[in-house]
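A.B. asks: Provided herewith is a single structure, encoded as structure tokens, for subsequent inquiry.
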Amino acid sequence: MVGDTVLILAIETATTAVAVALHDGDSVVAELTVAQGRRHAETLVPAIGFLCAQVQCSVSDVTAVAVDVGPGLFTGLRVGVTTAKTVAMALGVPLFGEMSLSLLARQGGRPGERVAAVIDARRNELYVAVYDLDSSGGVVEVLAPMVAPADMVRGALDQWCPADTIVVGDAVEQLEAFAGSGWCHLGPRYPSAATLAAAVLPRMCAGANPHPNDLELVYLRAPDAQITWSNRHGVAT
Amino acid sequence: MTVVLGIETSCDETAAAVVLDGREVRSSVVSSQIDLHARYGGVVPEIAGRAHVSLITPVITEALELAGMNHTGAGIDLVAATIGPGLIGSLLVGVSAAKALALVWGVPFIGVNHLEAHLLSPFLENPDLELPLVTLLVSGGHTLIVHMESATSYTVLGSTIDDAAGEAFDKVARYLGLPYPGGPVIDALALTGDPESIRFPRAMRNEGYDFSFSGLKTSVVNHVRKHPDVDSADVAASFQEAVVDVLVEKLGRAAIQVRARGIAIGGGVAANSALRERVAALGRRMDVPTYLPERAMCTDNAAMVAGAAWWRHPVDGDTGLDAPAWPSLRLRR
Ligand SMILES: [Zn+2]
């Protein structure tokens, strides 16, 4: 890789944690995670400044921005995605998005393994997806990301996941009824910014140049008012 | 010369503007979400938050380009954004964008009180206006009478104890089956009605400077229930007359008490034509200059945020990049 001309800034705010990483094309050169407090708006921008200072670079040296597009905590995602879009816009560099659930799967599994990722969606619901990890560390979707009540998620995992499936994410406790099923609850709780940077690197090296205005956040859930309105008027959301 | 980029996302307008020295508006872009919220009869916070995220970078880019600038921020000295009051999910978008720009461009970030931005908006169009000034700030979220000794020193004389004036317009419009937003619709409908036809109450008209509009809304509902055949235009005109009566009475009394050398109005309801006419007449009667902002400057915009930042920065200094948004921020009393 062209070490000295690449600097990816990765921004991760899809859960209660806030994480930032810098990747120079060869490896992660700095990473910072604050896993407590839900203070995304207060923590994120100072964290970016701090991280750049630690590796003696300026934010203006960044050549691409990566951001977790969700699903996850709406407030956190809005802070992270807005910050990522604005930094990329101001620097005139591409902005790459990656889903929270697939990042967790990359972190939690090894090549050849099946991984289920679950993130707390509040209101007794979970965001869930199941992936197979390929030989190069990439992910292949087995069950597409969706939001569902915990008991439905358990049913889906029963169907898609053999006994040795690794379960990752901050909602593993909500599947505790399955503790006896032989699943390995050993994955990471939060998506990591370092994984995010590494995940988008191949796309960047392949010359992709996505514009920051085009990046869309993944909510997987319509606003309540829209659901109520659609139900009353008999149309799909 | 100080050039400020202002950002406003406290409610349902995504806005950015470039302003020189608090008075020369180089660009002002406002992307309204009214269409997204109309079918719900009011602003839906979650829908507003989502729209802001999609609109924020295109709106900032357009404001920079219209000002003859670009994404590098060359020529921008300060970046300001509304930090409150407002919807938390909306405020965070503007605050996050402004902090990111401040970091990348290496300039200070200024968090602006949305109400101060409205209060200082007359200075944008009339930088030499005479003080002291009494300003009536009326919108969907606020109803305030403020005595301004200078651009940076003011006293709140009174505020609403229940509904804001604009909220009363929206609620009455909804009751009459009129579309959202209610303010402009009632304004237009009232033109064809008789404002004297129904005598609605004027709560607290002659006491102090506080307001109450929830009783007025209730008597409109009661009147229409009792007289189902009443002409909606007469109801709209009589209701509007009652609101404007109270607002103008208190504005006039406050202006006399503080010996104001000018009166001004601001906020979304300041676009109401009956209110503008009556405030202009009040100014003539009192023989003081009257500042009626352009209609585009009454509703939420980012030029007023950039303008307010220019006034406040020498007094308040920079805002930390670790500052939170304040959904229930108030004016300093
Ligand atoms: Zn406003």
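FYI, nothing fancy with the structure tokens labels: chains A, B, ... in order, residues from 1 per chain, ligands from 1 as they appear.
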Distance cut-off 7 Å, counting only C-alpha atoms - which residues of chain B neighbour chain A? Return them as number ranges by chain.
C.D. replies: B: 46-47, 53, 57-58, 71-72, 89, 92-93, 96-97, 99-101, 104, 321-324
A.B. asks: How would the residues just chosen look if you wrote them out with all heavy atoms as a tab-separated table (two decimals), in the first residue's frame?
C.D. replies:
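Saved result, out_29.tsv, follows:
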```tsv
chain	number	residue	atom	x	y	z
B	46	GLU	N	-38.40	13.35	14.95
B	46	GLU	CA	-37.58	12.32	14.32
B	46	GLU	C	-37.44	12.56	12.82
B	46	GLU	O	-36.36	12.37	12.25
B	46	GLU	CB	-38.19	10.94	14.61
B	46	GLU	CG	-37.48	9.75	13.96
B	46	GLU	CD	-36.01	9.61	14.36
B	46	GLU	OE1	-35.61	10.10	15.43
B	46	GLU	OE2	-35.24	9.03	13.56
B	47	ILE	N	-38.51	13.00	12.19
B	47	ILE	CA	-38.46	13.29	10.75
B	47	ILE	C	-37.56	14.50	10.50
B	47	ILE	O	-36.76	14.53	9.56
B	47	ILE	CB	-39.88	13.52	10.19
B	47	ILE	CG1	-40.65	12.19	10.23
B	47	ILE	CG2	-39.84	14.08	8.77
B	47	ILE	CD1	-42.11	12.28	9.81
B	53	VAL	N	-29.85	15.69	8.60
B	53	VAL	CA	-28.63	14.95	8.26
B	53	VAL	C	-28.43	14.90	6.74
B	53	VAL	O	-27.32	15.07	6.24
B	53	VAL	CB	-28.66	13.52	8.84
B	53	VAL	CG1	-27.43	12.73	8.39
B	53	VAL	CG2	-28.74	13.54	10.36
B	57	THR	N	-24.95	19.08	4.52
B	57	THR	CA	-23.77	19.41	3.70
B	57	THR	C	-24.14	20.11	2.38
B	57	THR	O	-23.45	21.05	1.99
B	57	THR	CB	-22.85	18.18	3.46
B	57	THR	OG1	-23.65	17.03	3.18
B	57	THR	CG2	-22.02	17.89	4.69
B	58	PRO	N	-25.22	19.70	1.69
B	58	PRO	CA	-25.58	20.48	0.49
B	58	PRO	C	-25.92	21.94	0.82
B	58	PRO	O	-25.55	22.84	0.05
B	58	PRO	CB	-26.83	19.76	-0.04
B	58	PRO	CG	-26.82	18.41	0.55
B	58	PRO	CD	-26.05	18.48	1.83
B	71	HIS	N	-15.35	24.92	-0.27
B	71	HIS	CA	-15.27	24.02	0.88
B	71	HIS	C	-14.02	24.19	1.72
B	71	HIS	O	-13.96	23.71	2.86
B	71	HIS	CB	-15.39	22.56	0.40
B	71	HIS	CG	-14.24	22.14	-0.47
B	71	HIS	ND1	-13.07	21.66	0.07
B	71	HIS	CD2	-14.07	22.15	-1.81
B	71	HIS	CE1	-12.23	21.37	-0.91
B	71	HIS	NE2	-12.81	21.66	-2.07
B	72	THR	N	-12.99	24.85	1.20
B	72	THR	CA	-11.75	25.01	1.98
B	72	THR	C	-11.93	26.00	3.12
B	72	THR	O	-11.09	26.07	4.02
B	72	THR	CB	-10.60	25.52	1.10
B	72	THR	OG1	-10.96	26.83	0.61
B	72	THR	CG2	-10.32	24.60	-0.08
B	89	GLY	N	-32.53	16.37	18.59
B	89	GLY	CA	-32.07	15.62	17.42
B	89	GLY	C	-31.77	16.52	16.22
B	89	GLY	O	-31.01	16.17	15.34
B	92	LEU	N	-28.34	18.86	17.30
B	92	LEU	CA	-27.08	18.12	17.25
B	92	LEU	C	-26.48	18.09	15.85
B	92	LEU	O	-25.26	18.04	15.70
B	92	LEU	CB	-27.28	16.68	17.75
B	92	LEU	CG	-27.40	16.53	19.27
B	92	LEU	CD1	-27.70	15.10	19.63
B	92	LEU	CD2	-26.13	17.01	19.96
B	93	VAL	N	-27.32	18.14	14.82
B	93	VAL	CA	-26.81	18.09	13.45
B	93	VAL	C	-26.05	19.37	13.13
B	93	VAL	O	-24.90	19.33	12.66
B	93	VAL	CB	-27.98	17.87	12.45
B	93	VAL	CG1	-27.47	17.95	11.02
B	93	VAL	CG2	-28.63	16.51	12.71
B	96	SER	N	-22.85	19.56	15.35
B	96	SER	CA	-21.80	18.64	14.90
B	96	SER	C	-21.12	19.15	13.64
B	96	SER	O	-19.89	19.08	13.50
B	96	SER	CB	-22.39	17.25	14.63
B	96	SER	OG	-22.93	16.71	15.80
B	97	ALA	N	-21.92	19.66	12.70
B	97	ALA	CA	-21.35	20.18	11.45
B	97	ALA	C	-20.45	21.38	11.73
B	97	ALA	O	-19.34	21.47	11.19
B	97	ALA	CB	-22.47	20.56	10.49
B	99	LYS	N	-18.87	22.22	14.52
B	99	LYS	CA	-17.64	21.81	15.22
B	99	LYS	C	-16.66	21.17	14.24
B	99	LYS	O	-15.45	21.42	14.31
B	99	LYS	CB	-17.97	20.80	16.32
B	99	LYS	CG	-18.65	21.41	17.54
B	99	LYS	CD	-18.94	20.28	18.53
B	99	LYS	CE	-19.55	20.79	19.82
B	99	LYS	NZ	-19.81	19.67	20.76
B	100	ALA	N	-17.19	20.33	13.34
B	100	ALA	CA	-16.32	19.67	12.36
B	100	ALA	C	-15.63	20.71	11.47
B	100	ALA	O	-14.43	20.61	11.21
B	100	ALA	CB	-17.13	18.69	11.51
B	101	LEU	N	-16.38	21.72	11.03
B	101	LEU	CA	-15.78	22.76	10.19
B	101	LEU	C	-14.74	23.55	10.97
B	101	LEU	O	-13.67	23.89	10.45
B	101	LEU	CB	-16.87	23.71	9.66
B	101	LEU	CG	-17.84	23.09	8.64
B	101	LEU	CD1	-18.93	24.09	8.27
B	101	LEU	CD2	-17.09	22.64	7.39
B	104	VAL	N	-11.59	21.41	11.09
B	104	VAL	CA	-10.89	21.27	9.80
B	104	VAL	C	-10.31	22.61	9.35
B	104	VAL	O	-9.18	22.67	8.86
B	104	VAL	CB	-11.84	20.70	8.72
B	104	VAL	CG1	-11.17	20.71	7.35
B	104	VAL	CG2	-12.27	19.27	9.07
B	321	LEU	N	-15.19	22.83	21.73
B	321	LEU	CA	-15.66	21.79	20.81
B	321	LEU	C	-16.30	20.63	21.58
B	321	LEU	O	-16.91	19.74	20.98
B	321	LEU	CB	-14.50	21.28	19.94
B	321	LEU	CG	-13.91	22.30	18.96
B	321	LEU	CD1	-12.78	21.69	18.16
B	321	LEU	CD2	-14.99	22.85	18.04
B	322	ASP	N	-16.18	20.66	22.91
B	322	ASP	CA	-16.82	19.63	23.74
B	322	ASP	C	-18.14	20.12	24.33
B	322	ASP	O	-18.72	19.47	25.19
B	322	ASP	CB	-15.88	19.18	24.87
B	322	ASP	CG	-15.49	20.33	25.79
B	322	ASP	OD1	-15.78	21.51	25.45
B	322	ASP	OD2	-14.88	20.06	26.84
B	323	ALA	N	-18.64	21.26	23.85
B	323	ALA	CA	-19.89	21.81	24.41
B	323	ALA	C	-21.09	20.99	23.94
B	323	ALA	O	-21.13	20.54	22.80
B	323	ALA	CB	-20.06	23.26	23.96
B	324	PRO	N	-22.06	20.79	24.83
B	324	PRO	CA	-23.27	20.07	24.42
B	324	PRO	C	-24.27	21.02	23.74
B	324	PRO	O	-24.06	22.23	23.74
B	324	PRO	CB	-23.85	19.60	25.75
B	324	PRO	CG	-23.41	20.64	26.73
B	324	PRO	CD	-22.09	21.18	26.24
```
A.B. asks: Find the residues near ligand 1. Use a cut-off of 8 Å, count only C-alpha atoms and all ligand atoms, and write them as a list in words.
C.D. replies: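 For ligand 1, the residues inside 8 Å are Ser10, Cys11, His114, Leu115, His118, Ser139, Gly140, Gly141, Gly267, Gly268, Cys298, Thr299, Asp300 and Asn301 of chain B.
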A.B. asks: Which residues, written as a list in words, have at least one atom at most 9 Å from range 134-137 of chain A, with only C-alpha atoms counted and residues fewer than 6 positions away on the same chain left out?
C.D. replies: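 Result of the neighbour search: Arg106, Gly109, Arg110, Pro111, Gly112 and Glu113 of chain A.
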A.B. asks: What's the 8 Å shell around Gly262 in chain B, counting only C-alpha atoms, without same-chain residues fewer than 6 positions away, as a list of chain:residue names?
C.D. replies: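 Residues near the query, excluding close chain neighbours: B:Leu129, B:Glu130, B:Leu131, B:Pro132, B:Leu133, B:Val134, B:Ala255, B:Gly283, B:Val288, B:Pro289, B:Thr290, B:Tyr291.
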A.B. asks: Export N, CA and C atoms of the chosen residues as a PDB file, in the first residue's frame?
C.D. replies:
```pdb
ATOM      1  N   LEU B 129     -29.378  51.035  14.348  1.00  0.00           N
ATOM      2  CA  LEU B 129     -30.649  51.354  15.006  1.00  0.00           C
ATOM      3  C   LEU B 129     -30.409  51.907  16.410  1.00  0.00           C
ATOM      4  N   GLU B 130     -31.354  52.760  16.826  1.00  0.00           N
ATOM      5  CA  GLU B 130     -31.163  53.496  18.078  1.00  0.00           C
ATOM      6  C   GLU B 130     -31.614  52.694  19.279  1.00  0.00           C
ATOM      7  N   LEU B 131     -30.910  52.879  20.376  1.00  0.00           N
ATOM      8  CA  LEU B 131     -31.201  52.158  21.614  1.00  0.00           C
ATOM      9  C   LEU B 131     -31.628  53.159  22.683  1.00  0.00           C
ATOM     10  N   PRO B 132     -32.341  52.739  23.714  1.00  0.00           N
ATOM     11  CA  PRO B 132     -32.829  51.377  23.909  1.00  0.00           C
ATOM     12  C   PRO B 132     -33.990  51.022  22.983  1.00  0.00           C
ATOM     13  N   LEU B 133     -34.138  49.708  22.850  1.00  0.00           N
ATOM     14  CA  LEU B 133     -35.115  49.157  21.921  1.00  0.00           C
ATOM     15  C   LEU B 133     -35.998  48.177  22.694  1.00  0.00           C
ATOM     16  N   VAL B 134     -37.294  48.152  22.368  1.00  0.00           N
ATOM     17  CA  VAL B 134     -38.128  47.087  22.921  1.00  0.00           C
ATOM     18  C   VAL B 134     -38.512  46.164  21.776  1.00  0.00           C
ATOM     19  N   ALA B 255     -42.611  49.929  25.792  1.00  0.00           N
ATOM     20  CA  ALA B 255     -41.807  50.954  25.117  1.00  0.00           C
ATOM     21  C   ALA B 255     -41.885  52.277  25.874  1.00  0.00           C
ATOM     22  N   GLY B 283     -45.656  52.554  16.180  1.00  0.00           N
ATOM     23  CA  GLY B 283     -44.429  53.341  16.038  1.00  0.00           C
ATOM     24  C   GLY B 283     -44.726  54.771  15.615  1.00  0.00           C
ATOM     25  N   VAL B 288     -41.552  56.830  17.232  1.00  0.00           N
ATOM     26  CA  VAL B 288     -40.243  56.180  17.327  1.00  0.00           C
ATOM     27  C   VAL B 288     -40.055  55.303  16.088  1.00  0.00           C
ATOM     28  N   PRO B 289     -38.815  55.102  15.675  1.00  0.00           N
ATOM     29  CA  PRO B 289     -38.584  54.216  14.527  1.00  0.00           C
ATOM     30  C   PRO B 289     -39.044  52.788  14.821  1.00  0.00           C
ATOM     31  N   THR B 290     -39.577  52.154  13.797  1.00  0.00           N
ATOM     32  CA  THR B 290     -40.085  50.787  13.937  1.00  0.00           C
ATOM     33  C   THR B 290     -39.298  49.876  13.007  1.00  0.00           C
ATOM     34  N   TYR B 291     -38.833  48.733  13.551  1.00  0.00           N
ATOM     35  CA  TYR B 291     -38.053  47.798  12.740  1.00  0.00           C
ATOM     36  C   TYR B 291     -38.860  46.540  12.494  1.00  0.00           C
TER      37      TYR B 291
END
```
